[in-house]
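Structure first, commentary second.
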Amino acid sequence: MRKHLAHPAVRCSGRRRAARPAVALLALVSLAVLGGCGLVSGSAMSDTVLPGPKAGYPDRPLTGAHLTVTSKEFTEQIVLGQMMGLVFEAAGALVIDKTSIQGSIGAREAVKTGTADAAFEYTGTGWITYLGHTKPIVDPRQQWKAVRDEDRKNGIVWLPASTLNNTYALALNTANQKKLGVHNLSEVAALSHKNPGAVTMCVENEFATRNDGLPGMARAYGMNVPSANIRKMTGGVVYTETQKGTCALGEVFTTDGRIKAMHLHVLADDKHFFPNYNVAPEINAKALKKYPAMAEVLAPVTKALNNTVAQELNRKVDVDGEDPHEVAKNWLIQEGFIKAG
């Protein structure tokens, strides 16, 4: 189970990635956000920080701004939300921290309605969950552009995306990789026909039913995996069982810090089935018009994010038990984006 240190989650409906949007659900969640269910009451961030040598701007362009940042409730999102708040603080803004909203829809509606001004979001989530498309766009930049262009009508601006791509994958431990000799999903598909009993999977319940999860992956690659070979469990248990070899393969997220910590090997999605979930700042259009320097402040940080960085920062929280705010702050200082005031 992911740690949510010092960030009490709200008990509203919604999960990490909703399978598909529904108009009625969005309306209900929007009311919940405005009515107090979707957001915890935020508190002001109180760090004494200034722009660092690599901040990309010479002064404090957000002086006088009052900005609210939000995020979903899992580790990576909380760390990213803290990063956003810290660089806004360094640029002179008074920042309200409303991170750790449970589920994608709640955080999205907060930015859309202006209850929050900004968040880091995933392009695949925008395209499939919020905008209602069923087929992802293979090219990451084209996926971002499509989301950016279509979401303008909702009063949301997507700033340029990072290479951080938190998408689904299958992974296995070293012993099973040597035993099975698989390095990509096409090789898993071939093995499933040659020796079906060898392909066992540990997956979350949601992944087992999603079109962009196991059923769609099996169709795209022509996998023959008997239902008896699929073991459903919670996300954290998937990692430990895959590490132990209880299942030959386990469902993982590509930026999870436990991949490296547990010495798991991620299989290549050689047919590019899984959607791109590149992270990008999602900004309320009215807020950006009022404070256009938000884009300038976020640009160098977003550019520096990638899967290696995310895995390391997620590991510090999920494996080492460090506080997400301190993890975010230390990385920003280390990279020269902020400095102590």
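Note on naming: chains are A, B, ... as they come in the structure tokens, residues start from 1 per chain, ligands start from 1 in the order shown.
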Discussion item. Among segment 96-326 of chain A, which residues does DSSP mark as strand (DSSP E) when it is run on the backbone? Keep the chain and numbering as in the structure and answer as a count of residues only.
Written reply: 38
Contact table segment 124-154 of chain A vs segment 192-211 of chain A, cut-off 12 Å, shortest pair per residue, only C-alpha atoms, as a Markdown table:
```
| residue | atom | partner | partner_atom | distance |
| --- | --- | --- | --- | --- |
| A:Ile128 | CA | A:Asn211 | CA | 10.8 |
| A:Thr129 | CA | A:Arg210 | CA | 12.0 |
| A:His133 | CA | A:Asn211 | CA | 11.8 |
| A:Thr134 | CA | A:Asn211 | CA | 8.5 |
| A:Lys135 | CA | A:Asn211 | CA | 9.8 |
| A:Pro136 | CA | A:Asn211 | CA | 11.3 |
```
Practice prompt. Skip Ala55 of chain A itself and residues of its chain fewer than 3 positions away, then list as a list in words all residues within 6 Å of it, counting only C-alpha atoms.
Written response: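 The filter keeps Pro51, Gly52 and Phe337 of chain A.
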Item to complete: For Thr48 of chain A, work out the shell of residues within 9 Å, counting only C-alpha atoms and skipping chain neighbours fewer than 3 positions away, then give it as a PyMOL selection string.
Response: chain A and resi 89-90+339-341
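Around segment 147-154 of chain A, within 7 Å and counting only C-alpha atoms, the residues found are Lys112, Thr123, Gly126 and Trp127 of chain A, once anything fewer than 5 positions away on its own chain is removed.
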Could those selected residues go to a file with all heavy atoms, as a compact mmCIF listing (two decimals), in the first residue's frame?
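out-v6.txt was written with the following content:
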```
# COMPACT_ATOMS: atom_id res chain seq x y z
N LYS A 112 -10.45 22.17 -13.13
CA LYS A 112 -11.43 22.61 -14.13
C LYS A 112 -12.34 23.71 -13.57
O LYS A 112 -12.65 24.69 -14.27
CB LYS A 112 -12.27 21.42 -14.59
CG LYS A 112 -13.26 21.73 -15.70
CD LYS A 112 -13.98 20.46 -16.14
CE LYS A 112 -15.04 20.74 -17.19
NZ LYS A 112 -15.75 19.50 -17.58
N THR A 123 -1.03 12.57 -19.79
CA THR A 123 -1.68 12.77 -21.09
C THR A 123 -2.65 11.64 -21.41
O THR A 123 -3.72 11.89 -21.97
CB THR A 123 -0.62 12.88 -22.19
OG1 THR A 123 0.24 11.72 -22.16
CG2 THR A 123 0.21 14.14 -22.03
N GLY A 126 -5.81 12.18 -19.57
CA GLY A 126 -6.57 13.24 -20.20
C GLY A 126 -7.31 12.75 -21.44
O GLY A 126 -8.50 13.05 -21.63
N TRP A 127 -6.62 12.01 -22.27
CA TRP A 127 -7.18 11.57 -23.54
C TRP A 127 -8.29 10.53 -23.37
O TRP A 127 -9.36 10.63 -23.99
CB TRP A 127 -6.06 10.99 -24.41
CG TRP A 127 -6.43 10.64 -25.81
CD1 TRP A 127 -6.43 9.39 -26.37
CD2 TRP A 127 -6.83 11.53 -26.87
NE1 TRP A 127 -6.80 9.44 -27.68
CE2 TRP A 127 -7.06 10.75 -28.02
CE3 TRP A 127 -7.01 12.91 -26.93
CZ2 TRP A 127 -7.45 11.30 -29.22
CZ3 TRP A 127 -7.41 13.46 -28.13
CH2 TRP A 127 -7.63 12.66 -29.26
```
Discussion item. Residues near segment 64-81 of chain A, anyone? I mean within 7 Å using only C-alpha atoms, not counting same-chain ones fewer than 2 positions away, as a PyMOL selection string.
Written reply: chain A and resi 2-4+9+62+83-85+92-104+107+116-120+314+324-325+328
Worksheet entry | Distance of atom CA of Val301 of chain A from atom CA of Ala280 of chain A, expressed in Å to one decimal place | 10.3 Å
Worksheet item: Quick one: distance from atom CA of Pro226 of chain A to atom CA of Asn184 of chain A in Å, one decimal?
Response: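 One can read the atom CA of Pro226 of chain A to atom CA of Asn184 of chain A distance as 19.5 Å.
Residue-level DSSP output for segment 203-280 of chain A, from the backbone, shows alpha helix (DSSP H) at A:Leu214, A:Pro215, A:Gly216, A:Met217, A:Ala218, A:Arg219, A:Ala220, A:Tyr221, A:Gly235, A:Gly236, A:Val237, A:Val238, A:Tyr239, A:Thr240, A:Glu241, A:Thr242, A:Gln243, A:Lys244, A:Gly257, A:Arg258, A:Ile259, A:Lys260, A:Ala261.
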Item to complete: Find the spatial neighbours of Cys247 of chain A, counting only C-alpha atoms, within a cut-off of 12 Å - ignore same-chain residues fewer than 6 positions away - and output them as a list in words.
Response: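 Near neighbours after the sequence-gap exclusion: Leu170, Ala171, Leu172, Asn173, Ala175, Asn176, Gln177, Gly197, Ala198, Val199, Thr200, Met201, Cys202, Val203, Ala228, Asn229, Ile230, Arg231, Lys232, Met233, Val237, Val238, Tyr239, Thr240 and Glu241 of chain A.
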Could you turn the residues from that selection into a file that holds N, CA and C atoms, as a PDB file, in the first residue's frame?
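Saved to out-v7.pdb:
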```
ATOM      1  N   LEU A 170       4.532  -5.137 -17.762  1.00  0.00           N
ATOM      2  CA  LEU A 170       4.712  -6.407 -17.074  1.00  0.00           C
ATOM      3  C   LEU A 170       6.174  -6.536 -16.700  1.00  0.00           C
ATOM      4  N   ALA A 171       6.425  -7.099 -15.532  1.00  0.00           N
ATOM      5  CA  ALA A 171       7.795  -7.252 -15.061  1.00  0.00           C
ATOM      6  C   ALA A 171       7.967  -8.648 -14.452  1.00  0.00           C
ATOM      7  N   LEU A 172       9.205  -9.075 -14.289  1.00  0.00           N
ATOM      8  CA  LEU A 172       9.504 -10.363 -13.676  1.00  0.00           C
ATOM      9  C   LEU A 172      10.839 -10.288 -12.952  1.00  0.00           C
ATOM     10  N   ASN A 173      11.075 -11.238 -12.059  1.00  0.00           N
ATOM     11  CA  ASN A 173      12.344 -11.216 -11.331  1.00  0.00           C
ATOM     12  C   ASN A 173      13.455 -11.817 -12.191  1.00  0.00           C
ATOM     13  N   ALA A 175      15.416 -14.425 -11.805  1.00  0.00           N
ATOM     14  CA  ALA A 175      15.382 -15.879 -11.996  1.00  0.00           C
ATOM     15  C   ALA A 175      14.393 -16.268 -13.078  1.00  0.00           C
ATOM     16  N   ASN A 176      13.211 -15.663 -13.072  1.00  0.00           N
ATOM     17  CA  ASN A 176      12.208 -15.995 -14.080  1.00  0.00           C
ATOM     18  C   ASN A 176      12.584 -15.471 -15.459  1.00  0.00           C
ATOM     19  N   GLN A 177      13.269 -14.329 -15.516  1.00  0.00           N
ATOM     20  CA  GLN A 177      13.696 -13.851 -16.827  1.00  0.00           C
ATOM     21  C   GLN A 177      14.710 -14.814 -17.453  1.00  0.00           C
ATOM     22  N   GLY A 197       1.246 -23.033 -19.376  1.00  0.00           N
ATOM     23  CA  GLY A 197       1.400 -23.143 -17.933  1.00  0.00           C
ATOM     24  C   GLY A 197       2.505 -22.277 -17.372  1.00  0.00           C
ATOM     25  N   ALA A 198       3.449 -21.855 -18.244  1.00  0.00           N
ATOM     26  CA  ALA A 198       4.585 -21.059 -17.781  1.00  0.00           C
ATOM     27  C   ALA A 198       4.220 -19.597 -17.586  1.00  0.00           C
ATOM     28  N   VAL A 199       3.136 -19.156 -18.202  1.00  0.00           N
ATOM     29  CA  VAL A 199       2.759 -17.747 -18.150  1.00  0.00           C
ATOM     30  C   VAL A 199       1.705 -17.545 -17.081  1.00  0.00           C
ATOM     31  N   THR A 200       2.159 -17.248 -15.883  1.00  0.00           N
ATOM     32  CA  THR A 200       1.262 -16.909 -14.777  1.00  0.00           C
ATOM     33  C   THR A 200       1.449 -15.427 -14.462  1.00  0.00           C
ATOM     34  N   MET A 201       0.366 -14.761 -14.068  1.00  0.00           N
ATOM     35  CA  MET A 201       0.412 -13.316 -13.846  1.00  0.00           C
ATOM     36  C   MET A 201      -0.234 -12.927 -12.529  1.00  0.00           C
ATOM     37  N   CYS A 202       0.415 -12.001 -11.833  1.00  0.00           N
ATOM     38  CA  CYS A 202      -0.165 -11.346 -10.675  1.00  0.00           C
ATOM     39  C   CYS A 202      -0.585  -9.944 -11.114  1.00  0.00           C
ATOM     40  N   VAL A 203      -1.863  -9.606 -10.941  1.00  0.00           N
ATOM     41  CA  VAL A 203      -2.369  -8.316 -11.409  1.00  0.00           C
ATOM     42  C   VAL A 203      -3.372  -7.754 -10.412  1.00  0.00           C
ATOM     43  N   ALA A 228      -7.123 -19.448 -15.087  1.00  0.00           N
ATOM     44  CA  ALA A 228      -6.548 -20.046 -13.884  1.00  0.00           C
ATOM     45  C   ALA A 228      -5.128 -19.548 -13.621  1.00  0.00           C
ATOM     46  N   ASN A 229      -4.491 -18.982 -14.653  1.00  0.00           N
ATOM     47  CA  ASN A 229      -3.123 -18.483 -14.511  1.00  0.00           C
ATOM     48  C   ASN A 229      -3.069 -17.025 -14.044  1.00  0.00           C
ATOM     49  N   ILE A 230      -4.241 -16.400 -13.878  1.00  0.00           N
ATOM     50  CA  ILE A 230      -4.302 -14.995 -13.485  1.00  0.00           C
ATOM     51  C   ILE A 230      -4.657 -14.910 -12.008  1.00  0.00           C
ATOM     52  N   ARG A 231      -3.791 -14.296 -11.235  1.00  0.00           N
ATOM     53  CA  ARG A 231      -4.034 -14.122  -9.801  1.00  0.00           C
ATOM     54  C   ARG A 231      -4.264 -12.639  -9.529  1.00  0.00           C
ATOM     55  N   LYS A 232      -5.411 -12.330  -8.929  1.00  0.00           N
ATOM     56  CA  LYS A 232      -5.766 -10.932  -8.674  1.00  0.00           C
ATOM     57  C   LYS A 232      -5.483 -10.575  -7.219  1.00  0.00           C
ATOM     58  N   MET A 233      -4.902  -9.376  -7.032  1.00  0.00           N
ATOM     59  CA  MET A 233      -4.510  -8.936  -5.692  1.00  0.00           C
ATOM     60  C   MET A 233      -4.325  -7.428  -5.685  1.00  0.00           C
ATOM     61  N   VAL A 237       0.895  -5.947  -3.156  1.00  0.00           N
ATOM     62  CA  VAL A 237       1.151  -7.380  -3.091  1.00  0.00           C
ATOM     63  C   VAL A 237       1.655  -7.896  -4.429  1.00  0.00           C
ATOM     64  N   VAL A 238       1.203  -7.290  -5.533  1.00  0.00           N
ATOM     65  CA  VAL A 238       1.690  -7.694  -6.855  1.00  0.00           C
ATOM     66  C   VAL A 238       3.215  -7.620  -6.904  1.00  0.00           C
ATOM     67  N   TYR A 239       3.774  -6.542  -6.390  1.00  0.00           N
ATOM     68  CA  TYR A 239       5.215  -6.356  -6.437  1.00  0.00           C
ATOM     69  C   TYR A 239       5.942  -7.421  -5.604  1.00  0.00           C
ATOM     70  N   THR A 240       5.468  -7.665  -4.391  1.00  0.00           N
ATOM     71  CA  THR A 240       6.144  -8.633  -3.534  1.00  0.00           C
ATOM     72  C   THR A 240       6.016 -10.056  -4.080  1.00  0.00           C
ATOM     73  N   GLU A 241       4.858 -10.399  -4.620  1.00  0.00           N
ATOM     74  CA  GLU A 241       4.665 -11.744  -5.165  1.00  0.00           C
ATOM     75  C   GLU A 241       5.481 -11.946  -6.445  1.00  0.00           C
TER      76      GLU A 241
END
```
Practice prompt. Grab the atom CA of Leu86 of chain A to atom CA of Glu326 of chain A distance for me, in Å with one decimal place.
Written response: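 We find that atom CA of Leu86 of chain A and atom CA of Glu326 of chain A lie 10.4 Å from each other.
Nearest residue to Leu214 of chain A, choosing from A:Thr115, A:Phe253, A:Tyr168, A:Glu187 and counting only C-alpha atoms: A:Tyr168.
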Worksheet entry | Minimum-distance residue to Val279 of chain A, chosen among A:Gly257, A:Gly235, A:Pro58, A:Gly124 (using only C-alpha atoms) |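 Among the listed residues, A:Gly124 lies closest to Val279 of chain A.
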Worksheet item: Which residue gives the smallest distance to Lys286 of chain A among A:Val49, A:Val266, A:Val111, A:Leu185, with only C-alpha atoms counted?
Response: A:Val111
